[in-house]
$ cat entry33.txt   # compact mmCIF, C-alpha atoms
# COMPACT_ATOMS: atom_id res chain seq x y z
CA MET A 30 0.00 0.00 0.00
CA LYS A 31 3.04 2.25 -0.15
CA LYS A 32 1.83 3.24 -3.61
CA TYR A 33 -1.18 4.96 -2.04
CA GLY A 34 0.63 6.41 0.97
CA ASN A 35 0.35 10.01 -0.27
CA ASP A 36 -3.45 9.64 -0.33
CA TYR A 37 -3.59 9.73 3.47
CA ARG A 38 -2.89 12.45 6.01
CA GLN A 39 -2.51 11.93 9.73
CA ASN A 40 -4.91 13.98 11.84
CA GLY A 41 -4.07 13.33 15.48
CA LYS A 42 -4.31 9.60 16.10
CA GLN A 43 -6.54 9.03 13.10
CA PHE A 44 -5.90 9.15 9.38
CA GLU A 45 -7.89 11.06 6.81
CA TYR A 46 -8.15 10.03 3.18
CA THR A 47 -7.24 12.96 0.91
CA GLY A 48 -6.88 11.15 -2.44
CA LYS A 49 -9.27 10.75 -5.33
CA TRP A 50 -12.73 9.32 -4.74
CA HIS A 51 -14.53 7.13 -7.26
CA SER A 52 -18.31 7.06 -7.37
CA THR A 53 -20.67 4.92 -9.39
CA LYS A 54 -24.14 5.38 -10.80
CA ALA A 55 -24.79 1.68 -10.19
CA GLU A 56 -26.62 0.55 -7.09
CA ALA A 57 -24.78 -1.48 -4.46
CA LYS A 58 -26.86 -4.55 -5.33
CA GLU A 59 -25.87 -4.28 -9.00
CA LEU A 60 -22.20 -3.85 -8.10
CA LYS A 61 -22.33 -6.88 -5.80
CA GLN A 62 -24.04 -8.95 -8.50
CA TYR A 63 -21.30 -7.98 -10.97
CA ALA A 64 -18.62 -8.89 -8.41
CA TRP A 65 -20.11 -12.35 -7.85
CA SER A 66 -20.55 -12.91 -11.58
CA TYR A 67 -17.02 -11.79 -12.40
CA THR A 68 -15.44 -13.85 -9.63
CA GLY A 69 -17.45 -16.93 -10.63
CA LEU A 70 -16.45 -16.61 -14.28
CA MET A 71 -12.80 -16.17 -13.30
CA ILE A 72 -12.95 -19.29 -11.13
CA ALA A 73 -14.52 -21.15 -14.09
CA ALA A 74 -11.67 -19.87 -16.28
CA MET A 75 -9.18 -21.17 -13.72
CA ILE A 76 -10.82 -24.62 -13.75
CA VAL A 77 -10.77 -24.75 -17.56
CA TYR A 78 -7.19 -23.50 -17.53
CA VAL A 79 -6.07 -26.27 -15.15
CA ALA A 80 -7.95 -28.85 -17.23
CA GLY A 81 -6.14 -27.55 -20.33
CA LEU A 82 -2.80 -27.96 -18.58
CA MET A 83 -3.61 -31.60 -17.82
CA ILE A 84 -3.94 -32.49 -21.49
CA ASN A 85 -0.78 -34.12 -22.77
CA ASN A 86 -0.90 -32.74 -26.28
CA ALA A 87 1.89 -31.91 -28.72
CA GLY A 88 1.07 -28.20 -28.42
CA SER A 89 2.08 -28.27 -24.79
CA ARG A 90 5.60 -29.12 -25.92
CA VAL A 91 5.87 -26.29 -28.45
CA PHE A 92 7.23 -23.02 -27.08
CA TRP A 93 5.04 -20.61 -29.05
CA VAL A 94 1.84 -22.50 -28.08
CA LEU A 95 2.71 -23.19 -24.47
CA ILE A 96 4.09 -19.83 -23.29
CA PRO A 97 0.91 -17.73 -23.84
CA PHE A 98 -1.21 -20.50 -22.32
CA VAL A 99 0.96 -20.86 -19.23
CA THR A 100 1.20 -17.07 -18.82
CA MET A 101 -2.60 -16.89 -18.46
CA ILE A 102 -2.23 -18.02 -14.84
CA PHE A 103 -1.28 -14.47 -13.84
CA PRO A 104 -4.27 -12.53 -15.21
CA ILE A 105 -6.68 -15.26 -14.12
CA SER A 106 -5.29 -15.24 -10.56
CA TYR A 107 -5.20 -11.44 -10.35
CA GLY A 108 -8.70 -11.33 -11.80
CA ILE A 109 -9.98 -13.57 -9.02
CA MET A 110 -8.25 -11.31 -6.47
CA GLY A 111 -9.86 -8.25 -8.06
CA GLY A 112 -13.31 -9.83 -7.88
CA VAL A 113 -12.79 -10.75 -4.23
CA SER A 114 -11.59 -7.20 -3.51
CA LEU A 115 -14.79 -5.81 -4.99
CA LEU A 116 -16.85 -8.29 -2.96
CA LEU A 117 -15.10 -7.10 0.20
CA PHE A 118 -15.86 -3.48 -0.71
CA CYS A 119 -19.54 -4.36 -1.19
CA ARG A 120 -19.54 -6.20 2.12
CA ASN A 121 -18.07 -3.15 3.87
CA GLN A 122 -20.75 -0.96 2.30
CA GLU A 123 -23.42 -3.20 3.81
CA GLY A 124 -21.89 -2.64 7.24
CA LYS A 125 -20.73 -6.25 7.62
CA GLY A 126 -17.03 -5.47 7.27
CA GLN A 127 -14.46 -4.29 9.75
CA THR A 128 -14.34 -0.72 10.91
CA SER A 129 -11.67 1.41 9.32
CA GLN A 130 -8.94 3.45 11.01
CA VAL A 131 -9.42 6.06 8.32
CA VAL A 132 -11.88 8.91 8.79
CA ILE A 133 -14.21 9.11 5.81
CA PRO A 134 -15.99 12.42 5.22
CA GLU A 135 -19.79 12.17 5.25
CA GLU A 136 -20.12 13.22 1.59
CA HIS A 137 -17.90 10.31 0.47
CA VAL A 138 -19.57 7.47 2.34
CA GLY A 139 -20.21 4.77 -0.26
CA HIS A 140 -17.48 5.99 -2.61
CA MET A 141 -14.31 4.04 -3.40
CA THR A 142 -10.83 5.20 -2.60
CA ARG A 143 -8.23 5.07 -5.33
CA ALA A 144 -6.81 1.78 -4.00
CA GLN A 145 -10.24 0.16 -3.87
CA TYR A 146 -11.00 1.34 -7.39
CA GLU A 147 -7.66 0.09 -8.74
CA LYS A 148 -8.13 -3.36 -7.20
CA GLY A 149 -11.86 -3.86 -7.65
CA ILE A 150 -12.62 -2.11 -10.95
CA ARG A 151 -9.48 -1.47 -13.03
CA ARG A 152 -7.76 -4.77 -12.25
CA PRO A 153 -10.67 -6.88 -13.58
CA VAL A 154 -10.70 -4.86 -16.81
CA ARG A 155 -6.98 -5.28 -17.40
CA CYS A 156 -6.97 -8.95 -16.42
CA SER A 157 -9.92 -9.77 -18.66
CA ILE A 158 -8.29 -8.08 -21.64
CA ALA A 159 -5.03 -9.93 -20.95
CA ILE A 160 -6.88 -13.26 -20.79
CA VAL A 161 -8.54 -12.53 -24.13
CA GLY A 162 -5.17 -11.73 -25.69
CA PHE A 163 -3.35 -14.79 -24.34
CA ALA A 164 -6.25 -17.17 -25.08
CA PHE A 165 -6.65 -15.83 -28.62
CA PHE A 166 -2.94 -16.20 -29.30
CA THR A 167 -3.01 -19.75 -27.90
CA CYS A 168 -6.03 -20.71 -30.04
CA VAL A 169 -4.42 -19.39 -33.20
CA ALA A 170 -1.02 -20.91 -32.40
CA ASP A 171 -2.54 -24.33 -31.72
CA LEU A 172 -4.57 -24.18 -34.94
CA ILE A 173 -1.39 -23.36 -36.86
CA LEU A 174 0.34 -26.31 -35.21
CA ILE A 175 -2.56 -28.62 -36.16
CA LEU A 176 -2.43 -27.41 -39.77
CA LEU A 177 1.38 -27.69 -40.02
CA LYS A 178 1.74 -31.22 -38.61
CA PRO A 179 -1.63 -33.01 -38.92
CA THR A 180 -0.08 -36.50 -39.18
CA ASP A 181 2.31 -36.14 -36.22
CA LEU A 182 -0.41 -35.21 -33.71
CA VAL A 183 -3.04 -37.03 -31.73
CA LEU A 184 -5.93 -34.98 -33.06
CA THR A 185 -8.34 -35.58 -30.16
CA ARG A 186 -5.82 -34.23 -27.65
CA GLU A 187 -5.11 -31.18 -29.77
CA LEU A 188 -8.81 -30.52 -30.22
CA LEU A 189 -9.41 -30.83 -26.46
CA PHE A 190 -6.64 -28.32 -25.86
CA GLU A 191 -8.14 -26.05 -28.53
CA VAL A 192 -11.55 -26.31 -26.83
CA ALA A 193 -10.01 -25.42 -23.45
CA SER A 194 -8.35 -22.39 -25.03
CA ALA A 195 -11.58 -21.38 -26.78
CA ILE A 196 -13.61 -21.67 -23.56
CA THR A 197 -11.04 -19.55 -21.75
CA LEU A 198 -11.22 -17.02 -24.60
CA THR A 199 -15.01 -16.93 -24.30
CA LEU A 200 -14.94 -16.49 -20.52
CA GLY A 201 -12.33 -13.75 -20.88
CA SER A 202 -14.43 -11.99 -23.51
CA VAL A 203 -17.57 -12.08 -21.37
CA THR A 204 -15.74 -10.75 -18.33
CA ALA A 205 -14.03 -8.05 -20.43
CA VAL A 206 -17.38 -6.75 -21.65
CA GLN A 207 -18.87 -6.85 -18.13
CA SER A 208 -15.83 -5.15 -16.63
CA CYS A 209 -15.74 -2.37 -19.21
CA GLN A 210 -19.47 -1.71 -18.76
CA THR A 211 -19.06 -1.51 -14.99
CA LYS A 212 -15.99 0.72 -15.24
CA ALA A 213 -17.90 3.11 -17.52
CA LYS A 214 -20.40 3.74 -14.70
CA PHE A 215 -17.72 5.26 -12.44
CA THR A 216 -16.79 8.92 -12.09
CA ILE A 217 -13.80 10.47 -10.32
CA PHE A 218 -13.99 13.14 -7.60
CA GLU A 219 -10.90 15.24 -6.90

$ encode --input "entry33.txt" --output "structure tokens"
Amino acid sequence: MKKYGNDYRQNGKQFEYTGKWHSTKAEAKELKQYAWSYTGLMIAAMIVYVAGLMINNAGSRVFWVLIPFVTMIFPISYGIMGGVSLLLFCRNQEGKGQTSQVVIPEEHVGHMTRAQYEKGIRRPVRCSIAIVGFAFFTCVADLILILLKPTDLVLTRELLFEVASAITLTLGSVTAVQSCQTKAKFTIFE
């Protein structure tokens, strides 16, 4: 949290947040529903990703097919963390979370701090776009491999791997659209 250290000012024994505030036009229920949906789709992407890693196909032994697929672990994991972060923010808004040591001005109750916005809104957008990119590259690379060496491959294994990549691409695309729509509903207060 050192990155956001300049957003706080000490006022006696308490801290006051002086950074940017992010507000949304969406209701808390809608935001919570998006958070659950996003987190669930990211967990599904993780399951499909792990299943794709378990397939012993020829593409998993080719550098330019394997590297983008293996690299997807990072955006999928960070995406899950972003969804959980947003769920925790929604939980705090309902009054079920822990009390904060930071004094929040009355006019900003219900708004997100910069750190909350970065983790809960921007991170899902970036992670979803990264998943789409890696999954698309993996799908295309595996198709090229299938077309280049059709006789040297066990076609069912390659097709299973291609399906796993395509499902991950689909899940990433759905979450990217949802994330961008949710991000568009936010405004910044100085």

$ closest_residue --input "entry33.txt" --among "A:Ile158, A:Ala144, A:Phe98, A:Ile72" --to "Met110 of chain A" --atoms "all atoms listed in the file"
A:Ile72

$ atom_distance --input "entry33.txt" --atom1 "atom CA of Phe166 of chain A" --atom2 "atom CA of Lys212 of chain A"
25.6 Å

$ closest_residue --input "entry33.txt" --among "A:Glu147, A:Asp171, A:Glu45, A:Glu56" --to "Arg186 of chain A" --atoms "all atoms listed in the file"
A:Asp171

$ atom_distance --input "entry33.txt" --atom1 "atom CA of Val203 of chain A" --atom2 "atom CA of Asn86 of chain A"
27.0 Å

$ atom_distance --input "entry33.txt" --atom1 "atom CA of Gly48 of chain A" --atom2 "atom CA of Ala213 of chain A"
20.3 Å

$ closest_residue --input "entry33.txt" --among "A:Tyr67, A:Phe103, A:Tyr78, A:Trp93" --to "Ala195 of chain A" --atoms "all atoms listed in the file"
A:Tyr78

$ closest_residue --input "entry33.txt" --among "A:Pro153, A:Gly69, A:Gly108, A:Gly88" --to "Val206 of chain A" --atoms "only C-alpha atoms"
A:Pro153

$ residues_around --input "entry33.txt" --residues "Met71 of chain A" --least-positions-apart "5" --cutoff "8 Å" --atoms "all atoms listed in the file" --output "list in words"
Ile105, Gly108, Ile109, Leu200, Gly201 and Thr204 of chain A

$ closest_residue --input "entry33.txt" --among "A:Phe190, A:Met101, A:Trp65, A:Phe165" --to "Met83 of chain A" --atoms "all atoms listed in the file"
A:Phe190

$ residues_around --input "entry33.txt" --residues "Lys148 of chain A" --least-positions-apart "5" --cutoff "9 Å" --atoms "all atoms listed in the file" --output "mmCIF file with C-alpha atoms, keeping the file's coordinate frame"
data_model
loop_
_atom_site.group_PDB
_atom_site.id
_atom_site.type_symbol
_atom_site.label_atom_id
_atom_site.label_comp_id
_atom_site.auth_asym_id
_atom_site.auth_seq_id
_atom_site.Cartn_x
_atom_site.Cartn_y
_atom_site.Cartn_z
ATOM 1 C CA MET A 110 -8.250 -11.310 -6.470
ATOM 2 C CA GLY A 111 -9.860 -8.250 -8.060
ATOM 3 C CA GLY A 112 -13.310 -9.830 -7.880
ATOM 4 C CA SER A 114 -11.590 -7.200 -3.510
ATOM 5 C CA LEU A 115 -14.790 -5.810 -4.990
ATOM 6 C CA ARG A 143 -8.230 5.070 -5.330
ATOM 7 C CA PRO A 153 -10.670 -6.880 -13.580
#

$ closest_residue --input "entry33.txt" --among "A:Ile150, A:Leu176, A:Leu95, A:Ala87" --to "Thr211 of chain A" --atoms "all atoms listed in the file"
A:Ile150

$ residues_around --input "entry33.txt" --residues "Cys168 of chain A" --least-positions-apart "6" --cutoff "9 Å" --atoms "all atoms listed in the file" --output "PyMOL selection string"
chain A and resi 94+190-192+194-195+198
